[in-house]
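Source file: coords-v1.csv. Holds: CSV, C-alpha atoms.
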```csv
chain,number,residue,atom,x,y,z
W,1,MET,CA,0.0,0.0,0.0
W,2,LEU,CA,1.4,3.4,-0.9
W,3,LEU,CA,-1.1,5.7,0.8
W,4,GLN,CA,-2.6,5.0,4.2
W,5,GLY,CA,-5.3,6.8,6.2
W,6,SER,CA,-8.7,8.1,5.7
W,7,PHE,CA,-9.3,11.5,4.0
W,8,SER,CA,-12.1,13.9,4.4
W,9,LEU,CA,-12.3,16.5,1.6
W,10,PRO,CA,-14.6,19.4,1.3
W,11,PHE,CA,-16.9,19.4,-1.7
W,12,ARG,CA,-15.7,21.5,-4.6
W,13,SER,CA,-17.4,22.3,-7.9
W,14,PRO,CA,-17.7,19.4,-10.3
W,15,LEU,CA,-14.8,19.1,-12.7
W,16,ARG,CA,-15.2,18.9,-16.5
W,17,LEU,CA,-12.8,16.3,-17.6
W,18,ARG,CA,-12.0,15.0,-21.0
W,19,PRO,CA,-11.0,11.9,-21.8
W,20,PRO,CA,2.7,13.3,-21.6
W,21,ILE,CA,6.3,12.7,-20.8
W,22,THR,CA,9.3,10.5,-20.3
W,23,HIS,CA,12.8,11.6,-20.6
W,24,HIS,CA,15.5,9.5,-22.3
W,25,HIS,CA,16.5,8.2,-18.8
W,26,LEU,CA,14.2,5.7,-17.2
W,27,PRO,CA,12.1,7.4,-14.5
W,28,ARG,CA,11.9,6.1,-11.0
W,29,LYS,CA,8.5,5.5,-9.4
W,30,PHE,CA,7.6,7.5,-6.3
W,31,SER,CA,4.5,7.2,-4.3
W,32,LEU,CA,2.3,9.5,-2.2
W,33,ALA,CA,2.8,8.8,1.5
W,34,ALA,CA,0.1,10.9,3.0
W,35,VAL,CA,-2.0,13.9,2.1
W,36,SER,CA,-4.7,15.6,3.9
W,37,SER,CA,-6.5,18.4,2.1
W,38,SER,CA,-8.1,21.3,3.7
W,39,ALA,CA,-8.6,22.8,0.2
W,40,SER,CA,-6.2,25.5,1.2
W,41,TYR,CA,-3.4,25.7,-1.4
W,42,ALA,CA,0.0,27.2,-1.1
W,43,ILE,CA,-1.3,29.7,-3.8
W,44,SER,CA,-5.0,30.3,-4.2
W,45,ASP,CA,-6.8,30.2,-7.6
W,46,GLN,CA,-7.6,33.9,-7.1
W,47,GLU,CA,-4.0,34.9,-6.5
W,48,LEU,CA,-2.9,33.0,-9.6
W,49,GLU,CA,-5.7,34.5,-11.7
W,50,SER,CA,-4.7,38.0,-10.5
W,51,ARG,CA,-1.2,37.3,-11.9
W,52,GLY,CA,-2.7,36.2,-15.3
W,53,PHE,CA,-2.8,32.4,-14.9
W,54,ILE,CA,-5.9,30.4,-15.6
W,55,PHE,CA,-6.4,26.8,-14.6
W,56,ARG,CA,-7.8,24.5,-17.4
W,57,ARG,CA,-9.1,21.0,-16.9
W,58,THR,CA,-10.0,20.0,-20.4
W,59,ILE,CA,-8.1,19.7,-23.7
W,60,ASP,CA,-10.4,22.4,-25.2
W,61,ASP,CA,-8.2,25.3,-26.2
W,62,LEU,CA,-5.0,23.4,-25.4
W,63,ASN,CA,-2.6,23.9,-28.4
W,64,LEU,CA,-0.7,20.6,-28.5
W,65,ASP,CA,2.2,22.2,-30.4
W,66,HIS,CA,2.6,24.7,-27.6
W,67,LEU,CA,2.4,22.0,-24.9
W,68,ASN,CA,5.0,20.0,-26.8
W,69,SER,CA,7.3,23.0,-26.8
W,70,VAL,CA,7.0,23.1,-22.9
W,71,PHE,CA,7.9,19.4,-22.8
W,72,VAL,CA,10.9,20.0,-25.0
W,73,ALA,CA,12.0,23.1,-23.0
W,74,VAL,CA,12.2,20.9,-19.8
W,75,GLY,CA,14.2,18.1,-21.5
W,76,PHE,CA,11.5,15.7,-22.6
W,77,PRO,CA,11.7,14.4,-26.2
W,78,LYS,CA,9.5,16.0,-28.8
W,79,ARG,CA,6.4,13.9,-29.4
W,80,ASP,CA,4.0,13.5,-32.2
W,81,THR,CA,1.0,15.7,-31.4
W,82,ASP,CA,-1.5,13.2,-32.8
W,83,LYS,CA,-0.2,10.7,-30.2
W,84,ILE,CA,-0.3,13.4,-27.4
W,85,LYS,CA,-3.9,13.9,-28.3
W,86,VAL,CA,-4.7,10.2,-28.0
W,87,ALA,CA,-2.9,10.1,-24.7
W,88,LEU,CA,-4.8,13.1,-23.3
W,89,GLU,CA,-8.1,11.6,-24.5
W,90,HIS,CA,-7.3,8.5,-22.4
W,91,THR,CA,-6.3,10.6,-19.3
W,92,ASP,CA,-8.4,10.5,-16.2
W,93,SER,CA,-7.4,13.8,-14.8
W,94,LEU,CA,-5.5,16.7,-16.3
W,95,LEU,CA,-4.7,20.2,-15.3
W,96,TRP,CA,-2.9,22.9,-17.3
W,97,VAL,CA,-2.2,26.5,-16.6
W,98,GLU,CA,-2.6,29.1,-19.4
W,99,TYR,CA,-0.8,32.4,-19.2
W,100,GLU,CA,-3.4,34.9,-20.2
W,101,LYS,CA,-1.1,37.3,-22.0
W,102,THR,CA,0.2,34.7,-24.4
W,103,LYS,CA,-2.7,32.2,-24.4
W,104,ARG,CA,-0.1,29.4,-24.1
W,105,PRO,CA,0.3,26.6,-21.6
W,106,VAL,CA,3.0,27.2,-19.0
W,107,ALA,CA,2.3,24.3,-16.6
W,108,PHE,CA,0.8,20.9,-17.0
W,109,ALA,CA,0.2,17.6,-15.2
W,110,ARG,CA,-2.0,14.6,-15.9
W,111,ALA,CA,-3.0,11.3,-14.2
W,112,THR,CA,-4.1,8.0,-15.5
W,113,GLY,CA,-5.5,5.0,-13.6
W,114,ASP,CA,-8.3,2.7,-13.0
W,115,GLY,CA,-10.6,5.4,-11.6
W,116,VAL,CA,-11.1,3.6,-8.3
W,117,PHE,CA,-8.0,2.4,-6.5
W,118,ASN,CA,-4.9,3.6,-8.4
W,119,ALA,CA,-3.5,6.5,-10.3
W,120,ILE,CA,-0.2,7.6,-11.6
W,121,ILE,CA,0.7,11.3,-12.2
W,122,TRP,CA,2.6,11.9,-15.4
W,123,ASP,CA,4.2,14.7,-17.4
W,124,VAL,CA,4.5,17.3,-14.7
W,125,VAL,CA,6.1,20.3,-16.4
W,126,VAL,CA,6.5,24.0,-15.9
W,127,ASP,CA,7.9,26.2,-18.6
W,128,PRO,CA,11.4,27.2,-17.5
W,129,ASN,CA,10.4,30.9,-17.9
W,130,PHE,CA,7.7,30.4,-15.2
W,131,GLN,CA,9.5,28.1,-12.8
W,132,GLY,CA,10.0,29.2,-9.2
W,133,ILE,CA,6.7,31.0,-8.8
W,134,GLY,CA,4.6,28.1,-7.5
W,135,LEU,CA,2.9,26.8,-10.6
W,136,GLY,CA,4.3,23.3,-10.2
W,137,LYS,CA,3.1,23.1,-6.6
W,138,ALA,CA,-0.3,24.5,-7.6
W,139,VAL,CA,-0.8,21.9,-10.3
W,140,ILE,CA,0.3,19.0,-8.1
W,141,GLU,CA,-1.8,20.1,-5.1
W,142,ARG,CA,-4.9,20.3,-7.3
W,143,VAL,CA,-4.4,17.0,-9.2
W,144,VAL,CA,-3.8,15.1,-5.9
W,145,GLU,CA,-6.9,16.7,-4.4
W,146,GLU,CA,-9.0,15.7,-7.4
W,147,LEU,CA,-7.8,12.1,-7.2
W,148,LEU,CA,-8.5,12.0,-3.4
W,149,GLN,CA,-12.0,13.4,-4.0
W,150,LYS,CA,-12.6,10.5,-6.3
W,151,GLY,CA,-11.6,8.1,-3.5
W,152,ILE,CA,-8.3,7.1,-5.2
W,153,THR,CA,-5.7,6.8,-2.4
W,154,ASN,CA,-3.0,4.8,-4.1
W,155,ILE,CA,-1.3,7.6,-6.0
W,156,ALA,CA,2.2,7.3,-7.6
W,157,LEU,CA,4.2,9.5,-9.9
W,158,TYR,CA,7.2,9.1,-12.1
W,159,SER,CA,10.0,11.7,-11.6
W,160,GLU,CA,13.5,12.4,-12.6
W,161,PRO,CA,15.8,11.9,-9.6
W,162,ARG,CA,17.0,15.5,-9.9
W,163,VAL,CA,13.6,16.9,-8.9
W,164,LEU,CA,12.7,14.6,-6.0
W,165,GLY,CA,13.2,17.5,-3.6
W,166,PHE,CA,10.3,19.3,-5.2
W,167,TYR,CA,7.9,16.4,-4.5
W,168,ARG,CA,8.8,15.5,-1.0
W,169,PRO,CA,7.3,18.6,0.7
W,170,LEU,CA,4.1,17.8,-1.2
W,171,GLY,CA,3.8,14.5,0.6
W,172,PHE,CA,5.5,12.1,-1.8
W,173,ILE,CA,8.1,9.6,-0.6
W,174,SER,CA,10.3,7.2,-2.6
W,175,ASP,CA,10.0,3.5,-2.2
W,176,PRO,CA,7.4,3.4,0.6
W,177,GLU,CA,7.6,0.3,2.7
W,178,GLY,CA,10.3,-1.0,0.4
W,179,ILE,CA,8.1,-1.0,-2.6
W,180,ARG,CA,10.0,-0.6,-5.8
W,181,GLY,CA,8.7,0.1,-9.3
W,182,MET,CA,10.0,-1.5,-12.5
W,183,VAL,CA,9.9,-0.4,-16.1
W,184,TYR,CA,9.6,-2.8,-19.1
W,185,SER,CA,12.6,-2.4,-21.4
W,186,ARG,CA,12.8,-4.0,-24.8
W,187,LYS,CA,16.6,-3.7,-24.7
W,188,ASN,CA,16.8,-6.1,-21.8
W,189,ASN,CA,14.2,-8.4,-23.3
W,190,ARG,CA,16.1,-9.3,-26.5
W,191,LYS,CA,17.6,-12.7,-26.6
```
Spit out the file's structure as structure tokens when you get a sec.
Amino acid sequence: MLLQGSFSLPFRSPLRLRPPITHHHLPRKFSLAAVSSSASYAISDQELESRGFIFRRTIDDLNLDHLNSVFVAVGFPKRDTDKIKVALEHTDSLLWVEYEKTKRPVAFARATGDGVFNAIIWDVVVDPNFQGIGLGKAVIERVVEELLQKGITNIALYSEPRVLGFYRPLGFISDPEGIRGMVYSRKNNRK
């Protein structure tokens, strides 16, 4: 088990959801240890909106070429936008932040899972020009809260080792109770 405890979350407005990124290094799996939500975020929606940032929870108005450019800017490989679209259509939860002045995505995260027990957070990115102002934390806090509201308590994420320090204060721990993740590799499967 990766997350223990019972969680009580306040009701928030229903989310409109519509049914991306690994680096050339194999990611390590990290799991959420504990989270309790009081729906108080490090930075409120209103504060971010006053600074020109808008939260979006659908792929409506999301320019996939612009999203891909954020992926590339943080070191992810460039992806085929048709494949990104398919991945996003099969995503259970997504959140992206649009910068009002440019109408471009500047932060993004998504989660996939079985909709009941398990979820994995993927593709957490913040445009390097907007890092350090709380957008990454804002996205993670809200995606985790949404998953917990759905009753999903086994939440994991994949992360580059160099950014583990970012996730730990948000409640994530590596290798809880000795649990280790594995990644399939064709290279190691060839005989």
Of the residues W:Ile140, W:Val97, W:Ile155, W:Leu88, which is the one nearest to W:Asn118, using only C-alpha atoms?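 Among the listed residues, W:Ile155 lies closest to W:Asn118.
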Restricting the calculation to only C-alpha atoms, which member of W:Asp60, W:Glu98, W:Glu141, W:Asp80 is positioned closest to W:Ile43?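 Nearest to W:Ile43: W:Glu141.
Using only C-alpha atoms for every distance, the candidate list W:Ile59, W:Leu157, W:Leu135, W:Ile121 yields W:Leu135 as the residue closest to W:Ala107.
Across the structure, atom CA of W:Asp82 and atom CA of W:Lys103 are spaced 20.8 Å apart.
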Any idea what the distance is between atom CA of W:Met182 and atom CA of W:Asn154?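 Taking atom CA of W:Met182 and atom CA of W:Asn154, their separation equals 16.7 Å.
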Give as a list of chain:residue names the set of residues within 12 Å of the point (10.5, 18.6, -6.1), where distances use the file's coordinates and all atoms listed in the file.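 Residues satisfying the cut-off, written out: W:Phe30, W:Val124, W:Val125, W:Val126, W:Gln131, W:Gly132, W:Gly134, W:Gly136, W:Lys137, W:Ile140, W:Leu157, W:Tyr158, W:Ser159, W:Glu160, W:Pro161, W:Arg162, W:Val163, W:Leu164, W:Gly165, W:Phe166, W:Tyr167, W:Arg168, W:Pro169, W:Leu170, W:Gly171, W:Phe172, W:Ile173, W:Ser174.
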Quick one: of W:His66, W:Arg104, W:Arg79, W:His90, who's nearest to W:Gly52, counting only C-alpha atoms?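 Closest residue, counting only C-alpha atoms: W:Arg104.
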Shortest interatomic distance to W:Ile54 - which of W:Arg180, W:Lys101, W:Lys187, W:Lys150, counting all atoms listed in the file: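 Smallest distance to W:Ile54 is found for W:Lys101.
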In Å to one decimal, how far is atom CA of W:Asp127 from atom CA of W:Val183?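 These two atoms are separated by 26.8 Å.
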Which one of W:Val139, W:Ile84, W:Leu48, W:Leu147 sits closest to W:Phe71 if you count all atoms listed in the file? W:Ile84
At a cut-off of 9 Å, using only C-alpha atoms, what residues contact W:Pro128? Leave out same-chain residues fewer than 4 positions from it and give the result as a list of chain:residue names.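 Here the qualifying residues turn out to be W:Val70, W:Ala73, W:Val74, W:Val106, W:Gly132.
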Need to verify the contact set: W:Ala111, 7 Å, only C-alpha atoms, exclusion of same-chain residues closer than 6 positions in sequence. Can you return it as a ChimeraX atom specification? /W:91-94,119-122
Counting all atoms listed in the file, I want the residues whose atoms come within 8 Å of (-7.2, 25.1, -8.8) in the file frame, returned as a ChimeraX atom specification. /W:44-45,55,138-139,142
